[in-house]
Every structure is written in C-alpha cells, then in structure tokens.
>>> print(open('upload-v5.csv').read())   # CSV, C-alpha atoms and all ligand atoms
chain,number,residue,atom,x,y,z
A,1,MET,CA,17.6,-11.0,-6.5
A,2,GLU,CA,15.3,-14.1,-6.7
A,3,THR,CA,12.4,-15.2,-4.5
A,4,THR,CA,10.5,-18.5,-4.5
A,5,HIS,CA,6.8,-19.0,-4.0
A,6,ARG,CA,5.3,-22.4,-3.2
A,7,VAL,CA,1.6,-23.3,-3.1
A,8,VAL,CA,0.7,-26.6,-1.5
A,9,VAL,CA,-2.8,-28.0,-2.3
A,10,ASP,CA,-3.5,-29.6,1.0
A,11,ASP,CA,-5.0,-29.2,4.5
A,12,ALA,CA,-3.3,-26.6,6.6
A,13,ARG,CA,-4.2,-28.5,9.8
A,14,SER,CA,-0.9,-30.2,9.1
A,15,LEU,CA,1.8,-28.0,7.5
A,16,SER,CA,4.0,-31.1,6.9
A,17,ALA,CA,5.7,-29.6,3.9
A,18,LEU,CA,7.2,-26.9,6.2
A,19,GLU,CA,10.1,-27.3,8.6
A,20,ASP,CA,10.2,-26.0,12.1
A,21,ASP,CA,11.1,-22.2,12.4
A,22,SER,CA,11.0,-21.7,8.6
A,23,VAL,CA,8.5,-18.8,8.4
A,24,ASP,CA,9.2,-15.2,9.3
A,25,LEU,CA,5.7,-13.8,8.9
A,26,VAL,CA,2.2,-15.1,8.5
A,27,VAL,CA,-0.4,-13.0,6.7
A,28,THR,CA,-3.8,-14.7,6.4
A,29,SER,CA,-7.6,-14.7,6.6
A,30,PRO,CA,-9.2,-17.9,7.7
A,31,PRO,CA,-12.8,-18.9,6.8
A,32,TYR,CA,-14.8,-17.0,9.5
A,33,PRO,CA,-16.7,-19.3,11.8
A,34,MET,CA,-20.5,-18.8,11.8
A,35,ILE,CA,-20.5,-17.0,8.5
A,36,GLU,CA,-22.9,-19.1,6.4
A,37,MET,CA,-20.7,-19.2,3.3
A,38,TRP,CA,-18.2,-21.3,5.2
A,39,ASP,CA,-20.7,-23.8,6.8
A,40,ASP,CA,-20.1,-26.5,4.1
A,41,LEU,CA,-16.4,-26.2,4.3
A,42,PHE,CA,-16.3,-26.5,8.1
A,43,THR,CA,-18.7,-29.5,7.9
A,44,THR,CA,-16.4,-31.2,5.5
A,45,LEU,CA,-13.6,-30.7,8.0
A,46,GLU,CA,-15.7,-32.0,10.9
A,47,PRO,CA,-19.2,-33.5,10.2
A,48,ALA,CA,-20.4,-32.8,13.8
A,49,ILE,CA,-20.4,-29.1,12.8
A,50,GLY,CA,-23.2,-29.7,10.3
A,51,ASP,CA,-25.1,-31.6,13.0
A,52,ALA,CA,-24.8,-28.8,15.5
A,53,LEU,CA,-26.0,-26.2,12.9
A,54,GLU,CA,-28.9,-28.4,12.0
A,55,ALA,CA,-29.9,-28.8,15.7
A,56,GLY,CA,-29.8,-25.0,16.0
A,57,ASP,CA,-26.9,-25.2,18.6
A,58,GLY,CA,-24.9,-22.1,17.6
A,59,GLN,CA,-22.5,-22.3,20.5
A,60,ALA,CA,-21.5,-25.9,19.8
A,61,ALA,CA,-21.0,-25.1,16.1
A,62,PHE,CA,-18.9,-22.0,16.9
A,63,ASP,CA,-16.7,-24.0,19.4
A,64,ALA,CA,-16.2,-26.8,16.9
A,65,MET,CA,-15.3,-24.5,14.0
A,66,HIS,CA,-12.7,-22.8,16.1
A,67,ALA,CA,-11.3,-26.2,17.1
A,68,GLU,CA,-10.6,-26.8,13.4
A,69,LEU,CA,-8.8,-23.5,13.1
A,70,GLU,CA,-6.9,-24.2,16.3
A,71,ALA,CA,-5.2,-27.2,14.6
A,72,VAL,CA,-3.7,-24.7,12.2
A,73,TRP,CA,-2.7,-22.3,15.0
A,74,ASP,CA,-0.8,-25.3,16.6
A,75,GLU,CA,1.2,-25.6,13.4
A,76,LEU,CA,2.0,-21.9,13.2
A,77,GLU,CA,3.6,-22.1,16.6
A,78,ARG,CA,5.9,-24.8,15.2
A,79,VAL,CA,6.8,-23.2,11.8
A,80,VAL,CA,7.1,-19.5,12.8
A,81,VAL,CA,10.6,-18.3,13.9
A,82,ASP,CA,11.0,-16.9,17.4
A,83,GLY,CA,9.9,-13.2,17.3
A,84,GLY,CA,8.2,-13.8,13.9
A,85,ILE,CA,4.8,-12.1,13.4
A,86,VAL,CA,1.4,-13.4,12.6
A,87,CYS,CA,-1.2,-11.0,11.1
A,88,LEU,CA,-4.7,-12.5,11.0
A,89,ASN,CA,-7.6,-10.8,9.3
A,90,VAL,CA,-10.9,-11.9,10.9
A,91,GLY,CA,-14.4,-10.5,11.3
A,92,ASP,CA,-17.0,-11.4,13.9
A,93,ALA,CA,-20.3,-13.0,12.7
A,94,THR,CA,-23.9,-12.2,13.4
A,95,ARG,CA,-26.4,-15.0,13.0
A,96,SER,CA,-30.0,-16.1,13.9
A,97,LEU,CA,-30.3,-19.8,14.9
A,98,ASP,CA,-33.5,-21.1,16.3
A,99,ASP,CA,-35.0,-17.6,16.1
A,100,SER,CA,-32.3,-16.2,18.3
A,101,PHE,CA,-30.0,-13.5,17.0
A,102,ARG,CA,-26.5,-12.9,18.4
A,103,VAL,CA,-22.9,-12.1,17.6
A,104,TYR,CA,-20.2,-14.8,17.5
A,105,PRO,CA,-17.0,-13.0,18.5
A,106,ASN,CA,-14.4,-14.7,16.3
A,107,HIS,CA,-11.7,-12.1,17.1
A,108,ALA,CA,-11.9,-12.8,20.8
A,109,ARG,CA,-11.7,-16.6,20.4
A,110,VAL,CA,-8.7,-16.3,18.0
A,111,LEU,CA,-6.9,-13.9,20.5
A,112,GLU,CA,-7.4,-16.4,23.4
A,113,ALA,CA,-6.2,-19.3,21.2
A,114,PHE,CA,-3.0,-17.6,20.2
A,115,GLU,CA,-2.2,-16.4,23.8
A,116,ALA,CA,-2.7,-20.0,25.0
A,117,ARG,CA,0.0,-21.1,22.4
A,118,GLY,CA,2.6,-18.6,23.7
A,119,PHE,CA,2.1,-15.9,21.1
A,120,ASP,CA,2.2,-12.3,22.5
A,121,PRO,CA,-0.7,-10.2,21.3
A,122,LEU,CA,0.4,-6.8,19.8
A,123,PRO,CA,-1.8,-3.8,19.2
A,124,ASP,CA,-4.3,-4.7,16.4
A,125,VAL,CA,-5.8,-2.8,13.5
A,126,LEU,CA,-9.5,-2.3,12.6
A,127,TRP,CA,-10.3,-1.8,9.0
A,128,ARG,CA,-13.5,-1.1,7.2
A,129,LYS,CA,-14.7,-0.7,3.7
A,130,PRO,CA,-16.8,2.4,3.2
A,131,THR,CA,-20.5,1.4,2.7
A,132,ASN,CA,-23.4,3.8,2.2
A,133,SER,CA,-26.3,1.3,2.0
A,134,ALA,CA,-29.3,2.6,3.9
A,135,ALA,CA,-30.8,-0.9,3.9
A,136,LYS,CA,-28.1,-2.4,6.0
A,137,PHE,CA,-29.7,-2.0,9.4
A,138,MET,CA,-31.1,-5.1,11.2
A,139,GLY,CA,-33.8,-5.5,13.7
A,140,SER,CA,-36.8,-3.3,14.4
A,141,GLY,CA,-36.2,-0.1,12.4
A,142,MET,CA,-36.8,3.1,14.3
A,143,ILE,CA,-38.4,1.7,17.4
A,144,PRO,CA,-36.3,0.9,20.5
A,145,PRO,CA,-34.9,-1.2,22.0
A,146,ASN,CA,-34.5,-4.3,19.8
A,147,ALA,CA,-32.4,-3.0,16.8
A,148,TYR,CA,-28.8,-4.2,16.4
A,149,VAL,CA,-25.6,-2.4,15.4
A,150,THR,CA,-24.3,-3.4,12.0
A,151,LEU,CA,-20.9,-5.0,11.9
A,152,GLU,CA,-18.8,-3.1,9.3
A,153,HIS,CA,-15.3,-3.5,10.6
A,154,GLU,CA,-12.9,-6.4,10.5
A,155,TYR,CA,-9.8,-7.0,12.7
A,156,ILE,CA,-6.2,-7.6,11.8
A,157,LEU,CA,-5.0,-9.3,14.9
A,158,ILE,CA,-1.2,-9.2,15.3
A,159,PHE,CA,0.9,-11.6,17.4
A,160,ARG,CA,4.6,-12.1,18.0
A,161,ASN,CA,5.8,-15.7,18.5
A,162,GLY,CA,7.4,-15.5,22.0
A,163,GLY,CA,8.6,-12.6,24.0
A,164,ASP,CA,11.6,-11.4,22.1
A,165,SER,CA,11.7,-9.5,18.8
A,166,ARG,CA,13.7,-10.8,15.8
A,167,GLN,CA,17.3,-9.9,15.6
A,168,PHE,CA,19.2,-8.9,12.4
A,169,GLU,CA,22.9,-8.3,11.9
A,170,PRO,CA,23.7,-4.5,12.4
A,171,GLY,CA,23.1,-2.5,9.3
A,172,ALA,CA,21.6,-5.4,7.4
A,173,ASP,CA,20.9,-4.0,3.9
A,174,ARG,CA,17.9,-6.3,3.3
A,175,ARG,CA,16.2,-4.6,6.3
A,176,TYR,CA,17.2,-1.0,5.6
A,177,GLU,CA,16.4,-1.1,1.9
A,178,ALA,CA,13.0,-2.4,2.8
A,179,ALA,CA,12.3,0.7,4.9
A,180,TYR,CA,9.0,2.6,4.3
A,181,PHE,CA,8.5,6.4,4.1
A,182,TRP,CA,7.8,8.4,7.3
A,183,GLU,CA,4.3,9.4,6.0
A,184,GLU,CA,3.5,5.7,5.2
A,185,ARG,CA,4.5,4.8,8.7
A,186,ASN,CA,2.0,7.3,10.0
A,187,ARG,CA,-0.8,5.8,8.0
A,188,TRP,CA,0.1,2.1,8.2
A,189,PHE,CA,0.8,2.0,12.0
A,190,SER,CA,-2.5,3.7,12.8
A,191,ASP,CA,-5.0,1.4,14.5
A,192,VAL,CA,-7.9,2.2,12.2
A,193,TRP,CA,-7.6,1.8,8.5
A,194,THR,CA,-10.3,3.5,6.5
A,195,ASP,CA,-8.2,3.9,3.4
A,196,VAL,CA,-7.5,0.2,2.4
A,197,GLN,CA,-9.3,0.7,-0.9
A,198,GLY,CA,-7.2,3.8,-1.4
A,199,GLU,CA,-3.8,3.7,-3.1
A,200,LEU,CA,-3.8,0.3,-4.7
A,201,GLN,CA,-7.5,0.3,-5.7
A,202,ASP,CA,-6.8,0.7,-9.4
A,203,LEU,CA,-4.2,-1.9,-9.3
A,204,ASP,CA,-6.6,-4.5,-7.9
A,205,LEU,CA,-8.5,-4.1,-11.1
A,206,ASP,CA,-5.7,-5.9,-12.9
A,207,LEU,CA,-7.1,-9.0,-11.2
A,208,GLU,CA,-10.6,-8.5,-12.6
A,209,ASP,CA,-10.5,-11.7,-14.6
A,210,ALA,CA,-10.5,-13.6,-11.4
A,211,ALA,CA,-13.3,-11.5,-9.9
A,212,ASP,CA,-15.7,-14.4,-9.5
A,213,LEU,CA,-13.2,-16.6,-7.7
A,214,ARG,CA,-12.1,-13.6,-5.6
A,215,GLU,CA,-15.7,-13.3,-4.4
A,216,ARG,CA,-16.1,-17.0,-3.8
A,217,SER,CA,-13.0,-17.0,-1.6
A,218,ALA,CA,-13.8,-13.7,0.2
A,219,ALA,CA,-10.4,-12.4,-1.0
A,220,TYR,CA,-9.0,-9.4,0.8
A,221,PRO,CA,-7.8,-6.3,-1.1
A,222,LEU,CA,-4.1,-6.6,-2.2
A,223,GLU,CA,-3.4,-3.5,-0.1
A,224,ILE,CA,-3.9,-5.4,3.2
A,225,PRO,CA,-1.2,-8.1,2.7
A,226,TYR,CA,1.0,-5.6,0.8
A,227,ARG,CA,1.1,-3.2,3.8
A,228,LEU,CA,1.6,-6.1,6.3
A,229,CYS,CA,4.5,-7.5,4.4
A,230,CYS,CA,6.1,-4.1,4.3
A,231,MET,CA,5.4,-3.5,8.0
A,232,TYR,CA,6.5,-6.8,9.5
A,233,SER,CA,9.1,-8.4,7.3
A,234,ALA,CA,12.4,-7.6,5.4
A,235,TYR,CA,13.5,-8.4,1.8
A,236,GLY,CA,14.2,-12.1,1.4
A,237,ASP,CA,11.9,-13.2,4.4
A,238,THR,CA,9.4,-16.0,4.0
A,239,VAL,CA,5.7,-15.2,4.3
A,240,LEU,CA,3.1,-18.0,4.9
A,241,ASP,CA,-0.6,-17.9,4.2
A,242,PRO,CA,-2.2,-21.2,5.4
A,243,PHE,CA,-5.6,-20.1,3.9
A,244,TRP,CA,-4.3,-19.0,0.5
A,245,GLY,CA,-7.6,-18.7,-1.5
A,246,THR,CA,-6.8,-16.7,-4.7
A,247,GLY,CA,-3.2,-16.1,-3.6
A,248,THR,CA,-3.5,-12.4,-2.7
A,249,THR,CA,-0.7,-12.9,-0.1
A,250,THR,CA,1.6,-14.4,-2.7
A,251,LEU,CA,1.0,-11.4,-5.0
A,252,ALA,CA,1.9,-9.1,-2.1
A,253,ALA,CA,5.0,-11.1,-1.3
A,254,MET,CA,6.1,-11.1,-4.9
A,255,CYS,CA,5.5,-7.3,-5.2
A,256,THR,CA,7.5,-6.7,-1.9
A,257,GLY,CA,10.4,-9.0,-2.6
A,258,ARG,CA,9.6,-11.6,0.0
A,259,ASN,CA,9.4,-15.4,-0.5
A,260,SER,CA,6.1,-17.1,0.1
A,261,VAL,CA,4.3,-20.3,0.9
A,262,GLY,CA,0.6,-21.0,0.7
A,263,TYR,CA,-1.7,-23.8,1.7
A,264,GLU,CA,-5.1,-24.2,0.0
A,265,LEU,CA,-7.7,-27.0,-0.1
A,266,GLU,CA,-9.2,-26.1,-3.4
A,267,SER,CA,-7.0,-26.7,-6.4
A,268,ALA,CA,-9.2,-24.5,-8.7
A,269,PHE,CA,-7.7,-21.4,-7.1
A,270,LEU,CA,-4.2,-22.4,-8.0
A,271,GLU,CA,-5.2,-22.9,-11.7
A,272,ALA,CA,-6.6,-19.4,-11.8
A,273,PHE,CA,-3.5,-18.0,-10.2
A,274,ASP,CA,-1.3,-19.7,-12.8
A,275,GLU,CA,-3.2,-17.8,-15.5
A,276,SER,CA,-2.7,-14.4,-13.9
A,277,VAL,CA,1.1,-14.8,-13.1
A,278,ALA,CA,1.9,-12.9,-16.4
A,279,ASP,CA,0.4,-9.7,-14.9
A,280,ILE,CA,2.7,-9.7,-11.9
A,281,PRO,CA,5.7,-7.7,-13.4
A,282,ALA,CA,3.4,-4.8,-14.4
A,283,LEU,CA,1.6,-4.9,-11.1
A,284,SER,CA,4.8,-4.8,-9.1
A,285,GLN,CA,6.1,-1.9,-11.1
A,286,SER,CA,3.0,0.2,-10.8
A,287,VAL,CA,2.8,-0.5,-7.0
A,288,GLY,CA,6.3,0.8,-6.5
A,289,GLN,CA,5.9,3.7,-8.8
A,290,ALA,CA,2.6,4.7,-7.1
A,291,ARG,CA,4.4,4.8,-3.7
A,292,LEU,CA,7.2,6.9,-5.0
A,293,ALA,CA,4.8,9.3,-6.8
A,294,ARG,CA,2.8,9.7,-3.6
A,295,HIS,CA,5.9,10.4,-1.6
A,296,LYS,CA,7.0,13.1,-4.0
A,297,GLU,CA,3.6,14.7,-3.7
A,298,PHE,CA,4.0,14.6,0.1
A,299,VAL,CA,7.5,16.2,-0.1
A,300,SER,CA,6.2,19.1,-2.3
A,301,GLN,CA,3.3,19.7,0.0
A,302,ARG,CA,5.6,19.8,3.0
A,303,ARG,CA,7.8,22.3,1.2
A,304,ASP,CA,4.8,24.4,0.2
A,305,GLU,CA,3.9,24.5,3.9
A,306,GLY,CA,7.4,25.8,4.6
A,307,SER,CA,9.1,22.7,6.1
A,308,ASP,CA,12.5,21.7,4.9
A,309,LEU,CA,13.4,18.0,4.7
A,310,GLU,CA,16.8,17.3,6.1
A,311,TYR,CA,17.8,14.1,4.3
A,312,ASP,CA,18.1,12.8,0.7
A,313,ALA,CA,17.2,9.3,-0.5
A,314,GLU,CA,20.2,7.4,-1.8
A,315,HIS,CA,18.5,5.7,-4.7
A,316,TYR,CA,15.8,8.2,-5.8
A,317,GLU,CA,15.8,11.9,-6.5
A,318,THR,CA,13.8,12.9,-3.5
A,319,ALA,CA,14.1,14.2,0.0
A,320,VAL,CA,13.0,12.1,3.0
A,321,VAL,CA,12.1,13.0,6.6
A,322,THR,CA,14.4,10.7,8.6
A,323,LYS,CA,17.8,9.2,8.3
A,324,MET,CA,16.2,5.7,8.4
A,325,GLU,CA,14.5,6.2,5.1
A,326,ARG,CA,17.6,7.0,3.1
A,327,GLN,CA,18.4,3.5,1.9
A,328,ILE,CA,14.8,2.7,0.7
A,329,GLN,CA,15.0,0.8,-2.6
A,330,PHE,CA,11.9,-0.6,-4.2
A,331,ARG,CA,12.2,-3.7,-6.3
A,332,GLU,CA,10.0,-4.7,-9.2
A,333,VAL,CA,9.4,-8.2,-10.5
A,334,THR,CA,10.9,-8.7,-14.0
A,335,ALA,CA,9.9,-12.3,-14.5
A,336,VAL,CA,7.9,-15.1,-12.9
A,337,ASP,CA,8.7,-18.7,-14.0
A,338,PRO,CA,7.1,-21.9,-12.9
A,339,LEU,CA,9.6,-24.1,-11.1
A,340,GLU,CA,8.7,-27.5,-12.7
A,341,GLY,CA,11.4,-29.6,-11.2
A,342,GLY,CA,11.3,-27.9,-7.8
A,343,ALA,CA,7.7,-28.6,-7.0
A,344,HIS,CA,6.6,-31.8,-5.2
A,345,HIS,CA,3.3,-33.6,-6.0
A,346,GLY,CA,0.3,-31.5,-5.2
A,347,GLU,CA,2.4,-28.4,-5.2
A,348,GLN,CA,3.2,-25.6,-7.5
A,349,ALA,CA,6.3,-23.4,-7.2
A,350,TYR,CA,7.4,-20.2,-9.0
A,351,ARG,CA,10.7,-18.3,-9.1
A,352,ALA,CA,10.3,-14.5,-9.3
A,353,THR,CA,13.3,-12.4,-10.5
A,354,HIS,CA,13.5,-8.9,-9.0
A,355,GLU,CA,15.5,-5.8,-10.1
A,356,PRO,CA,15.6,-2.3,-8.6
A,357,LEU,CA,12.5,-0.4,-9.6
A,358,SER,CA,12.8,1.3,-13.0
A,359,LEU,CA,11.5,4.8,-12.9
A,360,GLU,CA,10.1,5.1,-16.5
A,401,LIG,C1,-11.2,-16.4,3.5
A,401,LIG,S1,-10.5,-17.4,2.3
A,401,LIG,C2,-8.9,-16.7,2.0
A,401,LIG,C3,-8.9,-15.6,0.9
A,401,LIG,C4,-7.6,-15.1,0.6
A,401,LIG,N1,-7.1,-14.2,1.7
A,401,LIG,C5,-7.6,-14.3,-0.7
A,401,LIG,O1,-7.3,-13.1,-0.7
A,401,LIG,O2,-8.0,-14.9,-1.7
A,401,LIG,C6,-10.1,-18.9,3.1
A,401,LIG,C7,-9.5,-19.9,2.2
A,401,LIG,O3,-9.0,-21.0,3.1
A,401,LIG,C8,-9.2,-22.2,2.5
A,401,LIG,N2,-9.2,-23.2,3.6
A,401,LIG,C9,-10.1,-23.4,4.5
A,401,LIG,N3,-9.7,-24.4,5.4
A,401,LIG,C10,-8.5,-24.8,5.0
A,401,LIG,C11,-7.6,-25.8,5.5
A,401,LIG,N4,-7.8,-26.5,6.5
A,401,LIG,N5,-6.5,-26.0,4.7
A,401,LIG,C12,-6.2,-25.2,3.6
A,401,LIG,N6,-7.0,-24.3,3.1
A,401,LIG,C13,-8.2,-24.1,3.8
A,401,LIG,C14,-10.6,-22.1,1.8
A,401,LIG,O4,-10.7,-23.0,0.7
A,401,LIG,C15,-10.5,-20.6,1.3
A,401,LIG,O5,-10.0,-20.5,0.0
>>> encode(input="upload-v5.csv", output="structure tokens")
Amino acid sequence: METTHRVVVDDARSLSALEDDSVDLVVTSPPYPMIEMWDDLFTTLEPAIGDALEAGDGQAAFDAMHAELEAVWDELERVVVDGGIVCLNVGDATRSLDDSFRVYPNHARVLEAFEARGFDPLPDVLWRKPTNSAAKFMGSGMIPPNAYVTLEHEYILIFRNGGDSRQFEPGADRRYEAAYFWEERNRWFSDVWTDVQGELQDLDLDLEDAADLRERSAAYPLEIPYRLCCMYSAYGDTVLDPFWGTGTTTLAAMCTGRNSVGYELESAFLEAFDESVADIPALSQSVGQARLARHKEFVSQRRDEGSDLEYDAEHYETAVVTKMERQIQFREVTAVDPLEGGAHHGEQAYRATHEPLSLE
C-alpha cells in the first residue's frame, strides 16, 4: 500500500490547491489568539491587530485574530467531505493589557464559528501535561480574593461536517483493519487525557534534532494526532493540517497509513521535515510494536485476573476482547521518497510505502 503526503507553503486562508470534498479528517492546532508568541504572525496577516494591541484594546485584537482563523474555517467547510471530522487543538489565553487581566476564551469562539458554518459539535477532549511548578500561580499569593486559577488544560474540539456520519461499503477492509483495541478505545474515547505524554513519549525523542523548531512552532506531542487519526479515519483516508508547523500531523498520518496534506506559511519548517524523513520507517515500526506489546500485557493481566478473552486476532498471536478487533492489522512505513515530479511550485510531496507490521 502507498500513501502520498503533500505540504504546500502558502496561506491556509485560501486552500486553493485542494478540491471540494477532498479531505476526510482535519487534525490541527492553530496559532492561539492572544498568546503573545503569535502577535507578530497575526499582525502580518492583518496589520489592524498590531494597532489594537498597541492601543491596549484586547477585545478588538481578540476579535480580529479570530476573523483571520475564520477564513480558514470557511475553507474547511468546502474541502471536508460530508460527515468528515475536524479535530482542533486549542487553548484559552490569559493576558494583561492596560493593567487589566482576563481570560480570552478561544475554545468558545472557535466552537461558535464552526457551528455557524454548519459543523455539528461532538463531545470534546481536555488534555493536560503534568506540571509540578510551585511558581506557576498568578495574582496575589495567599490572600483572597484576587488570585487567578492557572490554565493547564487545552481542548481538542471535535466537529462533524453536517448532520450525517460517513458511510463505508459493508465489511470495508480498510476500515476493519484500522480497528483499535478495546482497552485503547477506553482510554482514547475518555473526555480527559492525562496520559498524552505516555506511550509514545520515548518515540517523540527521535525528533530531538528538531527540538528548537518544535518549540518555536508550539508543536503538539505526536501522540495527539496519532490517536486522532486512529479514532476518526480509516486506512487510505486523507488528513489535512492547515497549520502544519513541524509536520507532526503528517508524521502521524504516515505512521497510521493515511494520506496527508499540510499548509504552512514558513518554509523553514518544511526544510527541517525533509531532513527527518529518514527516521519515519523506524518510528512507524516502534509505534506499532509498542501498541501490540501493550495489548499483550493487557491480555495477560486480564487472564491473571481470571477473565477469559473470547476472540483471537487474525493477524497476530493474541486474544482480543471483541469481534470487531479481530481484523486489526498495523502497517509500518518501509520507505519515504520525495515525489519530485508530482509536486507543484511551493509544494513538497512524498510517497510512503507501507507493509504489514513486522514483529521482529
Ligand atoms: C501552533 S503551530 C502548529 C504546530 C504543529 N501542530 C506542530 O506540531 O508542529 C501553528 C502553525 O501555523 C502556521 N500558520 C499560521 N497562520 C497560517 C496561515 N494562515 N496559513 C498557513 N500556516 C499558518 C504557523 O506558521 C505555525 O507554524
């Protein structure tokens, strides 16, 4: 099986390289309005934003920043198939402007904007990174009432394009082989994720070379797009990230056997991605093997507790809890090649070759 992965260096406010109804899933994290690290970028997109910030008019700046993001949401409505899913990672912002401190509720603004465009909101996920810093609290220390709660969670907002779910032909292999394990379902479909730095943490270290760039782009952990691709798409689907950054979504799409498209304003990110493409086969293999090893641990624990598992997986020597898991088949990437001829100007494209996961 082969998948293709395109990255377009351009402004996602017009996704003109994409046809209508050509995307099955969006997984993305936009620049967060009112977080200072993105002020310059938003001001480049709309100079009035810089003026509002300078004048200390936080509400005007917040509104204008969301207007720039909304141009991208308009495009998502066009390119996402009916019933396709959008998963959008966003955090709220706290900020003092003109000596006045407040929260800017990005998640609420994004939710309203998607509803207004005909997307149905689905139950969302909160995730947080564990932090132990004692110095993180803001406001007046131990004396009431003017201290503020510290924001430590982010949202993964989830929308469906239109009222109906996607349909597949009955028994579609590319859907059943992309099944996840019962115990993964229980963790992944929980509405609070406290373990995102968990199972793939070590694998993220493979990307250490790009650590600086990842910080500058506020990259999310690989585990987030990886889970979302597994949860909301099937093998061979196309996943879009209109705010591509260091390309974590593309890595996840490659590791999960999905096609991908990314849009990114800064070409430097693409050059860095080009250099790390060679690591992808090893990464995809270890991700699949780690999931399988974790499942086998789960099975032996269940047996130790006296439960018998009723079904056997068809492709692996392991039991599974439900009939739906029997066809699970992980795929690893065996090669990633640049597609020289296939890419248009300002665009890079790759072809990934996938084989069933090898167990050695
Ligand atoms: C929060 S970062 C995304 C990080 C990404 N999820 C990762 O893991 O690396 C947002 C990215 O969107 C890009 N960006 C912002 N506005 C854009 C636009 N209008 N079109 C394309 N890219 C944009 C920024 O340059 C930045 O790299």
>>> closest_residue(input="upload-v5.csv", among="A:Asp21, A:Glu266, A:Glu169, A:Asp308", to="ligand LIG 401 (chain A)", atoms="all atoms listed in the file")
A:Glu266
>>> residues_near_ligand(input="upload-v5.csv", ligand="ligand LIG 401 (chain A)", cutoff="7 Å", atoms="all atoms listed in the file", output="VMD selection string")
chain A and resid 10 to 13 28 to 31 41 214 217 to 221 242 to 249 263 to 266
>>> residues_around(input="upload-v5.csv", residues="region 96-101 of chain A", least_positions_apart="5", cutoff="12 Å", atoms="only C-alpha atoms", output="list in words")
Met34, Ile35, Glu36, Ala52, Leu53, Glu54, Ala55, Gly56, Asp57, Gly58, Gln59, Ala60, Ala61, Phe62, Met138, Gly139, Asn146, Ala147 and Tyr148 of chain A
>>> atom_distance(input="upload-v5.csv", atom1="CA of Asp120 (chain A)", atom2="CA of Gly163 (chain A)")
6.6 Å
>>> atom_distance(input="upload-v5.csv", atom1="CA of Ala172 (chain A)", atom2="CA of Val333 (chain A)")
21.8 Å
>>> residues_around(input="upload-v5.csv", residues="Met65 (chain A)", least_positions_apart="5", cutoff="8 Å", atoms="only C-alpha atoms", output="list in words")
Pro33, Phe42 and Ile49 of chain A
>>> decode(input="upload-v5.csv", residues="region 176-191 of chain A", atoms="C-alpha atoms", output="compact mmCIF listing (two decimals), in the first residue's frame")
# COMPACT_ATOMS: atom_id res chain seq x y z
CA TYR A 176 -11.92 -3.03 9.87
CA GLU A 177 -8.13 -3.45 9.60
CA ALA A 178 -7.76 0.04 11.09
CA ALA A 179 -9.66 -1.02 14.24
CA TYR A 180 -8.13 -0.22 17.63
CA PHE A 181 -8.03 -2.45 20.69
CA TRP A 182 -10.87 -2.42 23.24
CA GLU A 183 -8.63 -1.09 26.01
CA GLU A 184 -7.31 1.64 23.66
CA ARG A 185 -10.91 2.64 22.95
CA ASN A 186 -11.48 3.00 26.70
CA ARG A 187 -8.54 5.38 27.09
CA TRP A 188 -8.80 7.29 23.82
CA PHE A 189 -12.54 7.98 23.97
CA SER A 190 -12.32 9.31 27.51
CA ASP A 191 -13.01 13.07 27.67
